[in-house]
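Report on the following structure.
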Amino acid sequence: MKEIKTVQLFVNQNDKSRKLAQYVEQEFIQNGYQMVNEHPDLAVAIGGDGSFLRMVHENNFDTKCCYIGIHAGTLGFLQELTKDDVEEFIAHLNHRQCHKQLLDIQKTTVYGATQKEVFYSINEVVIRKQSLKAIRLAISINGNLLEQFAGDGILVSTSTGSTAYNMSFGGSLVDADLQTLQITPIAPLTNRHYNNLLNSFVIPDDKKIQLDLEPTDLLFTLDGRNVEVDAVTKVEIEIIPERISSVRYHDIDSTTKIREKLLKE
């Protein structure tokens, strides 16, 4: 892991997170780190998973930066640390004893009425009509037709995002050591006129998903952020070669994390 000299904090705007941020900043400064407002070696999110995602988006998915989260929210799949870990984590950081996990970056290319637009996400992209009425589209993988889908929408998640919004729609949980894309239907229509897959479909991350449809005004939700694009005829979703580095302090595998976050009482 590279040497860390500069640190930037991304703080959720609630009292608990702001108070924790004051303590964290003091600890970094006392250990000789420089606090900066842009282009950090290490970006630290304080809050919940939403804070971590906002941090990565606001850093424009900078692959030269390392990222870590300090948990001050509710669930915290992406938040590696708690307040009690901060001093020991910085000590490990001083001796470069932390390791990193690479997270896939999902690229969504949208062909709209006037131009092509490109969006990036870490967890997922959700695709629905702006009117929220049923959508009809053809889903292909590497040019091979999978199905003619009809329903409320489609969610495509990375392995990282499999435990997020994807899980709420009954999608599969994917081990973080696997690099995948997952197509999860949202309220697919099932009657004598429509025959849709009811389960999610997991594919390797080197394959490209293509959605084709008649010109339709679509709503894209990327890691919780909404973007509207008019008269969309085609959407391409893929994983790009570059990945971001998430710092790992605890060596906890996916099985343990799922048990502790989802099942532990």
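Residues are referred to by chain and number: the chain letter is A, B, ... according to the order shown in the structure tokens, the number counts from 1 in that chain, and ligands are numbered separately from 1 in the order shown.
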
Using only C-alpha atoms, which residues sit within 9 Å of Val125 of chain A once same-chain residues fewer than 6 positions away are excluded, as an mmCIF file with N, CA and C atoms, in the first residue's frame?
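Generated file (result37.cif):
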```cif
data_model
loop_
_atom_site.group_PDB
_atom_site.id
_atom_site.type_symbol
_atom_site.label_atom_id
_atom_site.label_comp_id
_atom_site.auth_asym_id
_atom_site.auth_seq_id
_atom_site.Cartn_x
_atom_site.Cartn_y
_atom_site.Cartn_z
ATOM 1 N N GLN A 106 -18.639 0.699 -12.050
ATOM 2 C CA GLN A 106 -19.657 0.388 -13.057
ATOM 3 C C GLN A 106 -19.868 1.607 -13.961
ATOM 4 N N THR A 108 -22.151 3.292 -16.972
ATOM 5 C CA THR A 108 -23.441 3.249 -17.661
ATOM 6 C C THR A 108 -23.429 4.295 -18.764
ATOM 7 N N ILE A 154 -35.310 -2.213 -14.003
ATOM 8 C CA ILE A 154 -34.174 -3.127 -13.930
ATOM 9 C C ILE A 154 -33.124 -2.520 -13.007
ATOM 10 N N LEU A 155 -32.530 -3.357 -12.167
ATOM 11 C CA LEU A 155 -31.407 -2.943 -11.333
ATOM 12 C C LEU A 155 -30.190 -3.766 -11.745
ATOM 13 N N VAL A 156 -29.071 -3.097 -11.981
ATOM 14 C CA VAL A 156 -27.820 -3.786 -12.293
ATOM 15 C C VAL A 156 -26.808 -3.401 -11.221
ATOM 16 N N SER A 157 -26.298 -4.391 -10.505
ATOM 17 C CA SER A 157 -25.398 -4.115 -9.387
ATOM 18 C C SER A 157 -24.046 -4.773 -9.596
ATOM 19 N N PHE A 220 -32.619 7.330 -14.041
ATOM 20 C CA PHE A 220 -31.503 6.500 -13.602
ATOM 21 C C PHE A 220 -31.162 6.866 -12.153
ATOM 22 N N THR A 221 -31.078 5.856 -11.304
ATOM 23 C CA THR A 221 -30.656 6.065 -9.926
ATOM 24 C C THR A 221 -29.320 5.364 -9.746
ATOM 25 N N LEU A 222 -28.265 6.147 -9.583
ATOM 26 C CA LEU A 222 -26.902 5.635 -9.497
ATOM 27 C C LEU A 222 -26.375 5.864 -8.084
ATOM 28 N N ASP A 223 -26.233 4.781 -7.341
ATOM 29 C CA ASP A 223 -25.794 4.877 -5.936
ATOM 30 C C ASP A 223 -26.648 5.867 -5.157
ATOM 31 N N GLY A 224 -27.946 5.879 -5.434
ATOM 32 C CA GLY A 224 -28.880 6.740 -4.713
ATOM 33 C C GLY A 224 -29.083 8.107 -5.318
ATOM 34 N N ILE A 237 -24.128 -1.152 -20.043
ATOM 35 C CA ILE A 237 -23.602 -1.210 -18.674
ATOM 36 C C ILE A 237 -22.449 -2.203 -18.642
#
```

Near Ile46 of chain A, within 8 Å and counting only C-alpha atoms, which residues show up once chain neighbours fewer than 4 positions away are dropped, as a PDB file with C-alpha atoms, in the first residue's frame?
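For reference, part_35.pdb as written:
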```pdb
ATOM      1  CA  LEU A   9     -12.711  13.980   5.569  1.00  0.00           C
ATOM      2  CA  PHE A  10     -16.208  13.592   4.109  1.00  0.00           C
ATOM      3  CA  VAL A  11     -18.638  14.049   6.983  1.00  0.00           C
ATOM      4  CA  ASN A  12     -22.343  13.280   7.168  1.00  0.00           C
ATOM      5  CA  SER A  17     -20.816  12.387  12.614  1.00  0.00           C
ATOM      6  CA  LEU A  20     -16.687  12.091  15.531  1.00  0.00           C
ATOM      7  CA  ALA A  21     -15.021  14.047  12.696  1.00  0.00           C
ATOM      8  CA  SER A  51     -21.380   8.919   3.037  1.00  0.00           C
ATOM      9  CA  PHE A  52     -18.861   6.507   1.549  1.00  0.00           C
ATOM     10  CA  GLY A  69     -15.175   4.750   6.060  1.00  0.00           C
ATOM     11  CA  ILE A  70     -15.750   5.282   9.772  1.00  0.00           C
ATOM     12  CA  HIS A  71     -19.141   4.015  10.856  1.00  0.00           C
ATOM     13  CA  ALA A  72     -21.541   6.523  12.400  1.00  0.00           C
TER      14      ALA A  72
END
```

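With distances restricted to only C-alpha atoms, A:Gln101 is the closest residue to Tyr67 of chain A from A:Asn196, A:Gln210, A:Ser159, A:Gln101.
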
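Counting only C-alpha atoms and comparing A:Thr233, A:Arg259, A:Asp253, A:Ile29, the residue that lies closest to Gln115 of chain A is A:Thr233.
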
Could you state the separation of atom CA of Lys16 of chain A and atom CA of Val56 of chain A in Å, given to one decimal place? 21.3 Å

Pick the closest to Leu53 of chain A from A:Ala134, A:Ala164, A:Glu38, A:Ser140: which is it, counting only C-alpha atoms? A:Ala164

Assign secondary structure with DSSP using the backbone only, and return the residues of segment 150-211 of chain A in strand (DSSP E) as a PyMOL selection string. chain A and resi 150-158+180-188+190-191+194-195+201-204+209-211

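Counting from atom CA of Val86 of chain A, the distance to atom CA of Tyr165 of chain A is 28.5 Å.
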
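Non-sequential neighbours of Leu42 of chain A (distance at most 7 Å, separation of 3 or more positions within a chain, only C-alpha atoms) are Ile4, Thr6, Val7, Gln8, Cys65, Cys66 and Tyr67 of chain A.
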
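Note that the spacing between atom CA of Thr184 of chain A and atom CA of Thr160 of chain A amounts to 14.5 Å.
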
Among the residues A:Asp230, A:Glu147, A:Glu214, A:Glu124, the one that comes closest to Thr180 of chain A [using only C-alpha atoms]: A:Glu124

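Distances here use only C-alpha atoms; by that measure, the residue among A:Val174, A:Leu103, A:Ala231, A:Met55 closest to Lys116 of chain A is A:Ala231.
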
Counting only C-alpha atoms, the residue among A:Asn94, A:Leu81, A:Ser168, A:Asp152 that lies closest to Ser131 of chain A is A:Asp152

Closest atom pairs, residues of segment 98-150 of chain A within 8 Å of segment 198-209 of chain A, only C-alpha atoms, as a Markdown table:
```
| residue | atom | partner | partner_atom | distance |
| --- | --- | --- | --- | --- |
| A:Ile139 | CA | A:Ile209 | CA | 7.1 |
| A:Ser140 | CA | A:Ile209 | CA | 5.9 |
| A:Ile141 | CA | A:Ile209 | CA | 4.7 |
| A:Asn142 | CA | A:Lys208 | CA | 5.3 |
```

Could you pull out the residues in segment 15-249 of chain A that DSSP calls helix (DSSP H, G or I) from the backbone, as a PyMOL selection string? chain A and resi 15-30+49-58+83-94+160-163+165-168

Do a neighbour search on His193 of chain A at 12 Å with only C-alpha atoms, toss out local chain neighbours closer than 4 positions, and write the hits as a PyMOL selection string. chain A and resi 148-150+189
